[in-house]
>>> print(open('run-v8.cif').read())   # mmCIF, C-alpha atoms
data_upload
loop_
_atom_site.group_PDB
_atom_site.id
_atom_site.type_symbol
_atom_site.label_atom_id
_atom_site.label_comp_id
_atom_site.auth_asym_id
_atom_site.auth_seq_id
_atom_site.Cartn_x
_atom_site.Cartn_y
_atom_site.Cartn_z
ATOM 1 C CA MET S 187 -3.937 10.504 15.401
ATOM 2 C CA SER S 188 -0.425 9.274 15.984
ATOM 3 C CA ALA S 189 2.634 11.019 14.551
ATOM 4 C CA SER S 190 5.115 9.272 12.313
ATOM 5 C CA GLY S 191 8.679 8.310 13.093
ATOM 6 C CA PRO S 192 10.771 5.768 14.943
ATOM 7 C CA VAL S 193 9.241 4.139 17.992
ATOM 8 C CA GLY S 194 11.207 4.581 21.199
ATOM 9 C CA ASP S 195 12.647 1.204 21.967
ATOM 10 C CA ALA S 196 14.135 -0.907 19.236
ATOM 11 C CA PRO S 197 12.047 -4.084 18.930
ATOM 12 C CA SER S 198 15.030 -6.119 17.954
ATOM 13 C CA ARG S 199 18.681 -6.709 18.741
ATOM 14 C CA VAL S 200 19.267 -7.055 14.999
ATOM 15 C CA ALA S 201 21.306 -4.134 13.675
ATOM 16 C CA GLY S 202 19.187 -1.236 12.430
ATOM 17 C CA CYS S 203 15.811 -3.008 12.646
ATOM 18 C CA ARG S 204 13.214 -0.940 14.420
ATOM 19 C CA LEU S 205 9.519 -0.168 14.558
ATOM 20 C CA TRP S 206 8.357 2.887 12.652
ATOM 21 C CA ARG S 207 5.050 4.582 13.334
ATOM 22 C CA LEU S 208 2.696 5.805 10.610
ATOM 23 C CA PRO S 209 -0.293 8.067 11.292
ATOM 24 C CA SER S 210 -3.312 5.902 11.966
ATOM 25 C CA PHE S 211 -6.942 6.550 12.837
ATOM 26 C CA ARG S 212 -9.535 4.106 14.126
ATOM 27 C CA GLU S 213 -13.148 5.105 13.555
ATOM 28 C CA THR S 214 -16.535 3.425 13.492
ATOM 29 C CA ARG S 215 -16.247 3.599 9.697
ATOM 30 C CA GLY S 216 -13.041 1.533 9.733
ATOM 31 C CA GLU S 217 -9.308 1.997 10.122
ATOM 32 C CA LEU S 218 -7.124 4.408 8.172
ATOM 33 C CA THR S 219 -3.328 4.395 7.903
ATOM 34 C CA VAL S 220 -1.555 7.217 6.053
ATOM 35 C CA ALA S 221 1.840 7.129 4.331
ATOM 36 C CA GLU S 222 3.039 10.491 3.044
ATOM 37 C CA PHE S 223 6.174 10.028 0.979
ATOM 38 C CA GLY S 224 8.975 12.367 1.920
ATOM 39 C CA GLY S 225 7.354 13.107 5.252
ATOM 40 C CA HIS S 226 6.602 9.864 7.041
ATOM 41 C CA PHE S 227 9.463 7.710 5.826
ATOM 42 C CA PRO S 228 13.107 7.349 6.742
ATOM 43 C CA PHE S 229 13.915 6.989 3.024
ATOM 44 C CA ALA S 230 12.526 8.078 -0.375
ATOM 45 C CA VAL S 231 10.064 5.398 -1.448
ATOM 46 C CA GLN S 232 10.818 4.235 -4.999
ATOM 47 C CA ARG S 233 8.512 1.257 -5.173
ATOM 48 C CA MET S 234 6.272 -0.912 -3.081
ATOM 49 C CA PHE S 235 4.633 -4.268 -3.272
ATOM 50 C CA PHE S 236 1.764 -6.023 -1.611
ATOM 51 C CA VAL S 237 1.743 -9.656 -0.548
ATOM 52 C CA HIS S 238 -1.554 -11.283 0.307
ATOM 53 C CA ALA S 239 -3.450 -14.581 0.139
ATOM 54 C CA VAL S 240 -0.379 -16.312 1.581
ATOM 55 C CA PRO S 241 -1.153 -19.840 2.884
ATOM 56 C CA GLN S 242 -0.314 -20.129 6.576
ATOM 57 C CA ASP S 243 2.378 -22.754 5.997
ATOM 58 C CA GLN S 244 4.232 -20.681 3.415
ATOM 59 C CA VAL S 245 7.321 -18.523 3.841
ATOM 60 C CA ARG S 246 7.983 -15.314 1.874
ATOM 61 C CA GLY S 247 11.184 -13.352 1.499
ATOM 62 C CA ASP S 248 14.108 -15.471 2.731
ATOM 63 C CA HIS S 249 16.774 -13.227 1.269
ATOM 64 C CA ALA S 250 18.739 -10.059 2.010
ATOM 65 C CA HIS S 251 19.204 -6.819 0.060
ATOM 66 C CA ARG S 252 22.582 -5.229 -0.638
ATOM 67 C CA THR S 253 21.287 -1.668 -0.944
ATOM 68 C CA THR S 254 17.505 -1.571 -0.403
ATOM 69 C CA ALA S 255 15.933 -0.530 2.881
ATOM 70 C CA GLN S 256 12.364 -1.674 3.428
ATOM 71 C CA LEU S 257 9.476 -0.803 5.668
ATOM 72 C CA LEU S 258 7.000 -3.644 6.239
ATOM 73 C CA LEU S 259 3.438 -2.962 7.322
ATOM 74 C CA ALA S 260 0.799 -5.594 8.124
ATOM 75 C CA LEU S 261 -2.777 -4.547 7.365
ATOM 76 C CA GLY S 262 -5.806 -6.424 8.567
ATOM 77 C CA GLY S 263 -4.004 -9.374 10.076
ATOM 78 C CA GLU S 264 -0.728 -10.594 11.452
ATOM 79 C CA VAL S 265 2.597 -11.878 10.168
ATOM 80 C CA THR S 266 5.829 -12.940 11.840
ATOM 81 C CA VAL S 267 8.974 -11.343 10.421
ATOM 82 C CA VAL S 268 12.351 -12.951 11.023
ATOM 83 C CA VAL S 269 15.367 -10.619 10.811
ATOM 84 C CA ASP S 270 18.976 -11.733 10.965
ATOM 85 C CA ASP S 271 22.125 -9.598 10.691
ATOM 86 C CA GLY S 272 24.480 -12.577 10.588
ATOM 87 C CA ALA S 273 25.146 -12.390 14.317
ATOM 88 C CA VAL S 274 21.659 -12.238 15.863
ATOM 89 C CA ARG S 275 18.297 -13.606 14.667
ATOM 90 C CA ASP S 276 15.013 -12.199 15.987
ATOM 91 C CA GLU S 277 11.304 -12.652 15.364
ATOM 92 C CA ILE S 278 8.923 -9.700 15.346
ATOM 93 C CA CYS S 279 5.166 -10.041 15.124
ATOM 94 C CA LEU S 280 3.511 -7.322 13.051
ATOM 95 C CA ASN S 281 -0.207 -6.931 13.782
ATOM 96 C CA ASP S 282 -0.722 -3.171 14.145
ATOM 97 C CA PRO S 283 -1.438 -1.145 10.974
ATOM 98 C CA SER S 284 0.206 1.919 12.510
ATOM 99 C CA LEU S 285 3.537 0.178 13.227
ATOM 100 C CA GLY S 286 5.846 -0.739 10.398
ATOM 101 C CA LEU S 287 9.127 -2.593 10.702
ATOM 102 C CA LEU S 288 12.150 -0.829 9.226
ATOM 103 C CA ILE S 289 14.728 -3.258 7.849
ATOM 104 C CA PRO S 290 17.997 -1.730 6.624
ATOM 105 C CA PRO S 291 20.108 -3.202 3.815
ATOM 106 C CA GLY S 292 22.348 -6.084 4.821
ATOM 107 C CA VAL S 293 19.739 -7.892 6.946
ATOM 108 C CA TRP S 294 18.399 -11.326 6.021
ATOM 109 C CA SER S 295 14.623 -11.515 6.388
ATOM 110 C CA LEU S 296 11.730 -13.881 5.909
ATOM 111 C CA GLN S 297 8.029 -13.582 6.650
ATOM 112 C CA GLN S 298 5.933 -16.466 7.892
ATOM 113 C CA ARG S 299 2.767 -17.425 9.760
ATOM 114 C CA PHE S 300 0.540 -15.091 7.763
ATOM 115 C CA ALA S 301 -2.859 -14.976 9.458
ATOM 116 C CA PRO S 302 -5.714 -15.415 6.981
ATOM 117 C CA GLY S 303 -6.603 -12.102 5.343
ATOM 118 C CA THR S 304 -3.305 -10.379 6.108
ATOM 119 C CA VAL S 305 -2.084 -7.889 3.516
ATOM 120 C CA LEU S 306 1.623 -7.123 3.863
ATOM 121 C CA ALA S 307 2.653 -3.777 2.337
ATOM 122 C CA VAL S 308 6.393 -3.392 1.687
ATOM 123 C CA PHE S 309 7.828 0.058 0.918
ATOM 124 C CA CYS S 310 11.287 0.028 -0.735
ATOM 125 C CA SER S 311 14.038 2.631 -0.981
ATOM 126 C CA GLU S 312 15.222 1.461 -4.420
ATOM 127 C CA LYS S 313 13.783 0.381 -7.743
ATOM 128 C CA TYR S 314 13.745 -3.330 -8.500
ATOM 129 C CA ASP S 315 17.133 -4.807 -9.354
ATOM 130 C CA PRO S 316 17.578 -8.594 -9.142
ATOM 131 C CA GLN S 317 21.369 -8.124 -8.728
ATOM 132 C CA GLU S 318 20.727 -6.370 -5.465
ATOM 133 C CA TYR S 319 19.215 -9.464 -3.823
ATOM 134 C CA ILE S 320 21.323 -11.961 -1.870
ATOM 135 C CA ARG S 321 19.495 -15.292 -2.010
ATOM 136 C CA ASP S 322 22.217 -17.558 -0.642
ATOM 137 C CA TYR S 323 22.650 -17.474 3.111
ATOM 138 C CA ARG S 324 26.369 -18.324 3.011
ATOM 139 C CA GLU S 325 26.929 -15.499 0.528
ATOM 140 C CA PHE S 326 24.996 -13.248 2.923
ATOM 141 C CA LEU S 327 27.332 -14.181 5.795
ATOM 142 C CA GLU S 328 30.312 -13.329 3.594
ATOM 143 C CA HIS S 329 28.650 -10.029 2.682
ATOM 144 C CA VAL S 330 28.233 -8.987 6.310
ATOM 145 C CA GLY S 331 31.745 -10.139 7.191
ATOM 146 C CA ARG S 332 30.701 -13.261 9.071
ATOM 147 C CA GLY S 333 31.562 -15.893 6.475
ATOM 148 C CA ARG S 334 33.904 -18.722 7.394
ATOM 149 C CA ARG S 335 37.487 -17.669 6.767
ATOM 150 C CA GLY S 336 40.768 -19.481 6.185
ATOM 151 C CA MET N 106 3.404 -11.181 -15.018
ATOM 152 C CA SER N 107 1.128 -8.500 -16.363
ATOM 153 C CA ALA N 108 2.418 -5.113 -17.563
ATOM 154 C CA SER N 109 1.244 -1.845 -16.097
ATOM 155 C CA GLY N 110 -0.871 0.811 -17.736
ATOM 156 C CA PRO N 111 -4.399 1.658 -18.720
ATOM 157 C CA VAL N 112 -6.733 -1.216 -19.478
ATOM 158 C CA GLY N 113 -8.308 -1.158 -22.941
ATOM 159 C CA ASP N 114 -11.935 -0.364 -22.379
ATOM 160 C CA ALA N 115 -12.943 2.316 -19.941
ATOM 161 C CA PRO N 116 -14.987 0.673 -17.175
ATOM 162 C CA SER N 117 -17.082 3.731 -16.741
ATOM 163 C CA ARG N 118 -18.917 6.464 -18.593
ATOM 164 C CA VAL N 119 -17.717 8.870 -15.917
ATOM 165 C CA ALA N 120 -15.185 11.318 -17.332
ATOM 166 C CA GLY N 121 -11.580 10.145 -16.959
ATOM 167 C CA CYS N 122 -12.292 7.119 -14.739
ATOM 168 C CA ARG N 123 -10.603 3.978 -15.971
ATOM 169 C CA LEU N 124 -9.014 0.742 -14.861
ATOM 170 C CA TRP N 125 -5.247 0.746 -14.499
ATOM 171 C CA ARG N 126 -3.213 -2.462 -14.427
ATOM 172 C CA LEU N 127 -0.354 -3.070 -11.997
ATOM 173 C CA PRO N 128 2.086 -5.984 -12.350
ATOM 174 C CA SER N 129 0.719 -8.934 -10.432
ATOM 175 C CA PHE N 130 1.843 -12.485 -9.819
ATOM 176 C CA ARG N 131 -0.125 -15.401 -8.392
ATOM 177 C CA GLU N 132 1.947 -18.195 -6.889
ATOM 178 C CA THR N 133 1.426 -21.099 -4.521
ATOM 179 C CA ARG N 134 3.148 -18.904 -1.915
ATOM 180 C CA GLY N 135 0.505 -16.186 -2.283
ATOM 181 C CA GLU N 136 -0.229 -13.174 -4.451
ATOM 182 C CA LEU N 137 2.105 -10.285 -5.196
ATOM 183 C CA THR N 138 1.200 -6.882 -6.658
ATOM 184 C CA VAL N 139 3.964 -4.396 -7.488
ATOM 185 C CA ALA N 140 3.740 -0.603 -7.660
ATOM 186 C CA GLU N 141 6.874 1.105 -8.936
ATOM 187 C CA PHE N 142 6.558 4.857 -8.542
ATOM 188 C CA GLY N 143 7.410 6.802 -11.652
ATOM 189 C CA GLY N 144 7.031 3.704 -13.788
ATOM 190 C CA HIS N 145 3.671 2.129 -13.144
ATOM 191 C CA PHE N 146 1.594 5.189 -12.381
ATOM 192 C CA PRO N 147 -0.092 7.844 -14.465
ATOM 193 C CA PHE N 148 1.029 10.435 -11.888
ATOM 194 C CA ALA N 149 3.809 11.005 -9.325
ATOM 195 C CA VAL N 150 2.625 9.409 -6.086
ATOM 196 C CA GLN N 151 2.972 11.875 -3.193
ATOM 197 C CA ARG N 152 1.094 9.964 -0.538
ATOM 198 C CA MET N 153 -1.092 6.974 0.011
ATOM 199 C CA PHE N 154 -3.466 5.635 2.569
ATOM 200 C CA PHE N 155 -4.945 2.312 3.495
ATOM 201 C CA VAL N 156 -8.512 1.727 4.573
ATOM 202 C CA HIS N 157 -9.413 -1.551 6.231
ATOM 203 C CA ALA N 158 -11.679 -3.111 8.838
ATOM 204 C CA VAL N 159 -14.615 -1.232 7.320
ATOM 205 C CA PRO N 160 -17.996 -2.568 8.480
ATOM 206 C CA GLN N 161 -20.088 -3.740 5.548
ATOM 207 C CA ASP N 162 -22.815 -1.131 6.142
ATOM 208 C CA GLN N 163 -20.386 1.790 6.182
ATOM 209 C CA VAL N 164 -19.537 4.231 3.414
ATOM 210 C CA ARG N 165 -16.097 5.828 2.952
ATOM 211 C CA GLY N 166 -15.089 8.801 0.823
ATOM 212 C CA ASP N 167 -18.220 10.648 -0.300
ATOM 213 C CA HIS N 168 -16.353 13.715 -1.510
ATOM 214 C CA ALA N 169 -14.477 15.037 -4.530
ATOM 215 C CA HIS N 170 -10.969 16.454 -4.962
ATOM 216 C CA ARG N 171 -10.190 19.714 -6.714
ATOM 217 C CA THR N 172 -6.649 18.781 -7.758
ATOM 218 C CA THR N 173 -5.797 15.251 -6.557
ATOM 219 C CA ALA N 174 -5.924 12.229 -8.831
ATOM 220 C CA GLN N 175 -6.192 8.862 -7.089
ATOM 221 C CA LEU N 176 -5.664 5.241 -7.933
ATOM 222 C CA LEU N 177 -7.700 2.818 -5.821
ATOM 223 C CA LEU N 178 -6.647 -0.807 -5.412
ATOM 224 C CA ALA N 179 -8.555 -3.500 -3.506
ATOM 225 C CA LEU N 180 -6.388 -6.173 -1.919
ATOM 226 C CA GLY N 181 -7.737 -9.414 -0.523
ATOM 227 C CA GLY N 182 -11.399 -8.636 -0.937
ATOM 228 C CA GLU N 183 -13.924 -6.523 -2.763
ATOM 229 C CA VAL N 184 -15.337 -3.021 -2.607
ATOM 230 C CA THR N 185 -17.826 -1.102 -4.715
ATOM 231 C CA VAL N 186 -16.675 2.338 -5.851
ATOM 232 C CA VAL N 187 -19.222 4.924 -6.947
ATOM 233 C CA VAL N 188 -17.921 7.640 -9.290
ATOM 234 C CA ASP N 189 -19.903 10.660 -10.409
ATOM 235 C CA ASP N 190 -18.777 13.512 -12.664
ATOM 236 C CA GLY N 191 -21.899 15.567 -12.095
ATOM 237 C CA ALA N 192 -23.561 14.262 -15.247
ATOM 238 C CA VAL N 193 -23.187 10.472 -14.957
ATOM 239 C CA ARG N 194 -22.956 8.189 -11.902
ATOM 240 C CA ASP N 195 -21.455 4.683 -12.165
ATOM 241 C CA GLU N 196 -20.579 1.816 -9.854
ATOM 242 C CA ILE N 197 -17.401 -0.209 -10.312
ATOM 243 C CA CYS N 198 -16.606 -3.331 -8.330
ATOM 244 C CA LEU N 199 -12.912 -3.680 -7.458
ATOM 245 C CA ASN N 200 -11.922 -7.248 -6.594
ATOM 246 C CA ASP N 201 -8.711 -7.861 -8.556
ATOM 247 C CA PRO N 202 -5.392 -6.847 -6.918
ATOM 248 C CA SER N 203 -3.866 -6.200 -10.344
ATOM 249 C CA LEU N 204 -6.563 -3.722 -11.441
ATOM 250 C CA GLY N 205 -6.719 -0.290 -9.875
ATOM 251 C CA LEU N 206 -9.314 2.370 -10.602
ATOM 252 C CA LEU N 207 -7.955 5.727 -11.707
ATOM 253 C CA ILE N 208 -10.137 8.642 -10.583
ATOM 254 C CA PRO N 209 -9.144 12.092 -11.894
ATOM 255 C CA PRO N 210 -9.742 15.312 -9.971
ATOM 256 C CA GLY N 211 -13.241 16.720 -10.215
ATOM 257 C CA VAL N 212 -15.038 13.391 -9.725
ATOM 258 C CA TRP N 213 -17.233 12.686 -6.704
ATOM 259 C CA SER N 214 -16.557 9.255 -5.245
ATOM 260 C CA LEU N 215 -17.610 7.006 -2.413
ATOM 261 C CA GLN N 216 -16.710 3.447 -1.488
ATOM 262 C CA GLN N 217 -19.187 0.983 -0.045
ATOM 263 C CA ARG N 218 -19.980 -2.695 0.441
ATOM 264 C CA PHE N 219 -16.497 -3.574 1.701
ATOM 265 C CA ALA N 220 -16.248 -7.368 1.885
ATOM 266 C CA PRO N 221 -14.779 -8.578 5.196
ATOM 267 C CA GLY N 222 -10.988 -8.481 5.088
ATOM 268 C CA THR N 223 -10.718 -6.021 2.211
ATOM 269 C CA VAL N 224 -7.763 -3.632 2.331
ATOM 270 C CA LEU N 225 -8.233 -0.627 0.060
ATOM 271 C CA ALA N 226 -4.966 1.063 -0.963
ATOM 272 C CA VAL N 227 -5.344 4.615 -2.318
ATOM 273 C CA PHE N 228 -2.424 6.265 -4.140
ATOM 274 C CA CYS N 229 -2.639 10.074 -4.409
ATOM 275 C CA SER N 230 -1.022 12.586 -6.767
ATOM 276 C CA GLU N 231 -0.831 15.351 -4.122
ATOM 277 C CA LYS N 232 0.064 15.804 -0.485
ATOM 278 C CA TYR N 233 -2.786 16.136 1.980
ATOM 279 C CA ASP N 234 -4.576 19.480 1.880
ATOM 280 C CA PRO N 235 -8.033 19.733 3.470
ATOM 281 C CA GLN N 236 -8.814 22.793 1.285
ATOM 282 C CA GLU N 237 -8.564 20.591 -1.746
ATOM 283 C CA TYR N 238 -11.550 18.427 -0.733
ATOM 284 C CA ILE N 239 -15.107 19.235 -1.812
ATOM 285 C CA ARG N 240 -17.414 17.712 0.790
ATOM 286 C CA ASP N 241 -20.694 19.354 -0.240
ATOM 287 C CA TYR N 242 -22.383 17.801 -3.260
ATOM 288 C CA ARG N 243 -24.058 21.033 -4.360
ATOM 289 C CA GLU N 244 -20.684 22.803 -4.227
ATOM 290 C CA PHE N 245 -19.285 19.932 -6.316
ATOM 291 C CA LEU N 246 -21.961 20.469 -8.966
ATOM 292 C CA GLU N 247 -21.061 24.165 -9.083
ATOM 293 C CA HIS N 248 -17.379 23.217 -9.365
ATOM 294 C CA VAL N 249 -17.966 21.008 -12.409
ATOM 295 C CA GLY N 250 -20.258 23.565 -13.995
ATOM 296 C CA ARG N 251 -23.480 21.693 -13.328
ATOM 297 C CA GLY N 252 -24.856 23.746 -10.453
ATOM 298 C CA ARG N 253 -28.313 25.259 -10.714
ATOM 299 C CA ARG N 254 -28.109 28.642 -12.411
ATOM 300 C CA GLY N 255 -30.324 31.733 -12.621
#
>>> encode(input="run-v8.cif", output="structure tokens")
Amino acid sequence: MSASGPVGDAPSRVAGCRLWRLPSFRETRGELTVAEFGGHFPFAVQRMFFVHAVPQDQVRGDHAHRTTAQLLLALGGEVTVVVDDGAVRDEICLNDPSLGLLIPPGVWSLQQRFAPGTVLAVFCSEKYDPQEYIRDYREFLEHVGRGRRG
Amino acid sequence: MSASGPVGDAPSRVAGCRLWRLPSFRETRGELTVAEFGGHFPFAVQRMFFVHAVPQDQVRGDHAHRTTAQLLLALGGEVTVVVDDGAVRDEICLNDPSLGLLIPPGVWSLQQRFAPGTVLAVFCSEKYDPQEYIRDYREFLEHVGRGRRG
């Protein structure tokens, strides 16, 4: 068993993005990953969603959140997550069911190159609110103080 | 989009077991299932776990809970869930990411015949407590008032 919490080195130069470990067990009967709300998370989980059956050429996400933090976990496959704080853009490959990626608010993200059979679980710190999404990249740059001025 | 809540007909003759719908969307970019805690669930979700990479000849679960209700959701595959209240035993095939199976406390359950690539998400009404599991079937029958008497 592995404990939960942040993983030593930040996987990314993008502000606040880091790997987060969840307790995970590998047995002959299969793999088990546990998420205890209140205990294993850096935020109170209000909602979650699952993304699966994503064609390999498709991109998901491609937006930022004003207030919602998320923890992304890839189960049974692999997905590439792009994170961008307006200054730095990084790619992180998620392929370990015990390692989630914590993305704070104010980071642009997209997910791509879903391996067949990947289920992406996304835990969210807030309830759904469409006003809380930033879907325009120039608006995002303004939001993080990197929009063109003058 | 589909609303959340219990699905009309009970899928099972086993006491309290029923299908529970979660909002689900199918798009060219993949499938999305949403679980909003407090809103979409018949109980407050305290923890969850994921089971995946289960060999097809393996059985998971095979116990009952004294106090924990669970909602089981199969993502990206198919699994057969056996439920047993001590009087009646049923099998339910889960293969729709928008239809979870609600299992109340006091029901023996096991999961088998995992199709390759299936991720089983299990939402739980209580935090983990090993004392709360009943792992002996005869003890389970006593618990539900169906043990041999006299």
>>> atom_distance(input="run-v8.cif", atom1="atom CA of S:Tyr323", atom2="atom CA of S:Gly247")
12.3 Å
>>> resolve_selection(input="run-v8.cif", expression="the PyMOL selection byres ((chain S) within 6 of (chain N))", output="list in words")
Arg215, Gly216, Glu217, Leu218, Thr219, Val220, Ala221, Glu222, Phe223, Gln232, Arg233, Met234, Phe235, Phe236, Val237, His238, Ala239, Val240, Gln244 and Gly303 of chain S
>>> resolve_selection(input="run-v8.cif", expression="the PyMOL selection byres ((chain S and resi 285-288) around 6)", output="list in words")
Cys203, Arg204, Leu205, Trp206, Arg207, Gln256, Leu257, Leu258, Leu259, Asp282, Pro283, Ser284 and Ile289 of chain S
>>> closest_residue(input="run-v8.cif", among="S:Asp271, S:Glu264, S:Asp248, S:Glu277", to="S:Leu327", atoms="only C-alpha atoms")
S:Asp271
>>> atom_distance(input="run-v8.cif", atom1="atom CA of N:Asp241", atom2="atom CA of N:Ser214")
12.0 Å
>>> atom_distance(input="run-v8.cif", atom1="atom CA of S:Ile320", atom2="atom CA of S:Asp276")
18.9 Å
>>> resolve_selection(input="run-v8.cif", expression="the PyMOL selection byres ((chain S and resi 325) around 12)", output="number ranges by chain")
S: 249-252, 272, 292, 294, 319-324, 326-334
>>> write_last_selection(input="run-v8.cif", atoms="C-alpha atoms", output="short mmCIF file (atom, residue, chain, number, x, y, z; two decimals), in the frame of the given file")
data_model
loop_
_atom_site.label_atom_id
_atom_site.label_comp_id
_atom_site.auth_asym_id
_atom_site.auth_seq_id
_atom_site.Cartn_x
_atom_site.Cartn_y
_atom_site.Cartn_z
CA HIS S 249 16.77 -13.23 1.27
CA ALA S 250 18.74 -10.06 2.01
CA HIS S 251 19.20 -6.82 0.06
CA ARG S 252 22.58 -5.23 -0.64
CA GLY S 272 24.48 -12.58 10.59
CA GLY S 292 22.35 -6.08 4.82
CA TRP S 294 18.40 -11.33 6.02
CA TYR S 319 19.22 -9.46 -3.82
CA ILE S 320 21.32 -11.96 -1.87
CA ARG S 321 19.50 -15.29 -2.01
CA ASP S 322 22.22 -17.56 -0.64
CA TYR S 323 22.65 -17.47 3.11
CA ARG S 324 26.37 -18.32 3.01
CA PHE S 326 25.00 -13.25 2.92
CA LEU S 327 27.33 -14.18 5.80
CA GLU S 328 30.31 -13.33 3.59
CA HIS S 329 28.65 -10.03 2.68
CA VAL S 330 28.23 -8.99 6.31
CA GLY S 331 31.74 -10.14 7.19
CA ARG S 332 30.70 -13.26 9.07
CA GLY S 333 31.56 -15.89 6.48
CA ARG S 334 33.90 -18.72 7.39
#
>>> closest_residue(input="run-v8.cif", among="S:Val265, S:Leu208, S:Val200, S:Ala230", to="S:Asn281", atoms="only C-alpha atoms")
S:Val265
>>> residues_near_point(input="run-v8.cif", point="(10.4, 11.5, 12.1)", cutoff="8 Å", atoms="all atoms listed in the file", output="list in words")
Ser190, Gly191, Pro192, Gly225, His226, Phe227 and Pro228 of chain S
>>> axis_aligned_box(input="run-v8.cif", around="stretch 178-192 of chain N", padding_each_side="6 Å", output="lines of an AutoDock Vina configuration file")
center_x = -15.0
center_y = 3.1
center_z = -7.9
size_x = 29.2
size_y = 37.0
size_z = 26.7
>>> decode(input="run-v8.cif", residues="stretch 235-248 of chain N", atoms="N, CA, C and O atoms", output="PDB file, in the first residue's frame")
ATOM      1  N   PRO N 235     -12.744  -2.001   8.637  1.00  0.00           N
ATOM      2  CA  PRO N 235     -12.724  -3.455   8.393  1.00  0.00           C
ATOM      3  C   PRO N 235     -13.740  -4.210   9.248  1.00  0.00           C
ATOM      4  O   PRO N 235     -14.196  -5.290   8.859  1.00  0.00           O
ATOM      5  N   GLN N 236     -14.128  -3.639  10.416  1.00  0.00           N
ATOM      6  CA  GLN N 236     -15.109  -4.293  11.284  1.00  0.00           C
ATOM      7  C   GLN N 236     -16.496  -4.343  10.656  1.00  0.00           C
ATOM      8  O   GLN N 236     -17.379  -5.077  11.113  1.00  0.00           O
ATOM      9  N   GLU N 237     -16.669  -3.511   9.666  1.00  0.00           N
ATOM     10  CA  GLU N 237     -17.991  -3.323   9.080  1.00  0.00           C
ATOM     11  C   GLU N 237     -18.247  -4.346   7.959  1.00  0.00           C
ATOM     12  O   GLU N 237     -19.375  -4.468   7.470  1.00  0.00           O
ATOM     13  N   TYR N 238     -17.192  -5.088   7.585  1.00  0.00           N
ATOM     14  CA  TYR N 238     -17.335  -6.123   6.560  1.00  0.00           C
ATOM     15  C   TYR N 238     -17.794  -7.433   7.196  1.00  0.00           C
ATOM     16  O   TYR N 238     -17.369  -7.773   8.303  1.00  0.00           O
ATOM     17  N   ILE N 239     -18.628  -8.172   6.500  1.00  0.00           N
ATOM     18  CA  ILE N 239     -18.939  -9.558   6.872  1.00  0.00           C
ATOM     19  C   ILE N 239     -18.372 -10.439   5.765  1.00  0.00           C
ATOM     20  O   ILE N 239     -18.821 -10.364   4.621  1.00  0.00           O
ATOM     21  N   ARG N 240     -17.355 -11.233   6.125  1.00  0.00           N
ATOM     22  CA  ARG N 240     -16.638 -12.006   5.105  1.00  0.00           C
ATOM     23  C   ARG N 240     -16.967 -13.504   5.151  1.00  0.00           C
ATOM     24  O   ARG N 240     -16.489 -14.270   4.339  1.00  0.00           O
ATOM     25  N   ASP N 241     -17.792 -13.874   6.142  1.00  0.00           N
ATOM     26  CA  ASP N 241     -18.185 -15.284   6.282  1.00  0.00           C
ATOM     27  C   ASP N 241     -19.667 -15.397   5.931  1.00  0.00           C
ATOM     28  O   ASP N 241     -20.505 -14.713   6.536  1.00  0.00           O
ATOM     29  N   TYR N 242     -19.979 -16.254   4.963  1.00  0.00           N
ATOM     30  CA  TYR N 242     -21.356 -16.300   4.465  1.00  0.00           C
ATOM     31  C   TYR N 242     -22.338 -16.783   5.540  1.00  0.00           C
ATOM     32  O   TYR N 242     -23.470 -16.305   5.609  1.00  0.00           O
ATOM     33  N   ARG N 243     -21.893 -17.728   6.370  1.00  0.00           N
ATOM     34  CA  ARG N 243     -22.802 -18.195   7.428  1.00  0.00           C
ATOM     35  C   ARG N 243     -23.076 -17.075   8.433  1.00  0.00           C
ATOM     36  O   ARG N 243     -24.204 -16.918   8.906  1.00  0.00           O
ATOM     37  N   GLU N 244     -22.049 -16.289   8.743  1.00  0.00           N
ATOM     38  CA  GLU N 244     -22.254 -15.132   9.630  1.00  0.00           C
ATOM     39  C   GLU N 244     -23.223 -14.141   8.975  1.00  0.00           C
ATOM     40  O   GLU N 244     -24.062 -13.532   9.651  1.00  0.00           O
ATOM     41  N   PHE N 245     -23.093 -13.971   7.661  1.00  0.00           N
ATOM     42  CA  PHE N 245     -24.015 -13.087   6.931  1.00  0.00           C
ATOM     43  C   PHE N 245     -25.457 -13.562   7.092  1.00  0.00           C
ATOM     44  O   PHE N 245     -26.367 -12.763   7.364  1.00  0.00           O
ATOM     45  N   LEU N 246     -25.675 -14.865   6.933  1.00  0.00           N
ATOM     46  CA  LEU N 246     -27.037 -15.393   7.064  1.00  0.00           C
ATOM     47  C   LEU N 246     -27.595 -15.157   8.469  1.00  0.00           C
ATOM     48  O   LEU N 246     -28.771 -14.799   8.635  1.00  0.00           O
ATOM     49  N   GLU N 247     -26.738 -15.298   9.468  1.00  0.00           N
ATOM     50  CA  GLU N 247     -27.161 -14.967  10.843  1.00  0.00           C
ATOM     51  C   GLU N 247     -27.538 -13.482  10.925  1.00  0.00           C
ATOM     52  O   GLU N 247     -28.562 -13.117  11.509  1.00  0.00           O
ATOM     53  N   HIS N 248     -26.682 -12.655  10.319  1.00  0.00           N
ATOM     54  CA  HIS N 248     -26.880 -11.192  10.384  1.00  0.00           C
ATOM     55  C   HIS N 248     -28.227 -10.796   9.792  1.00  0.00           C
ATOM     56  O   HIS N 248     -28.905  -9.900  10.326  1.00  0.00           O
TER      57      HIS N 248
END
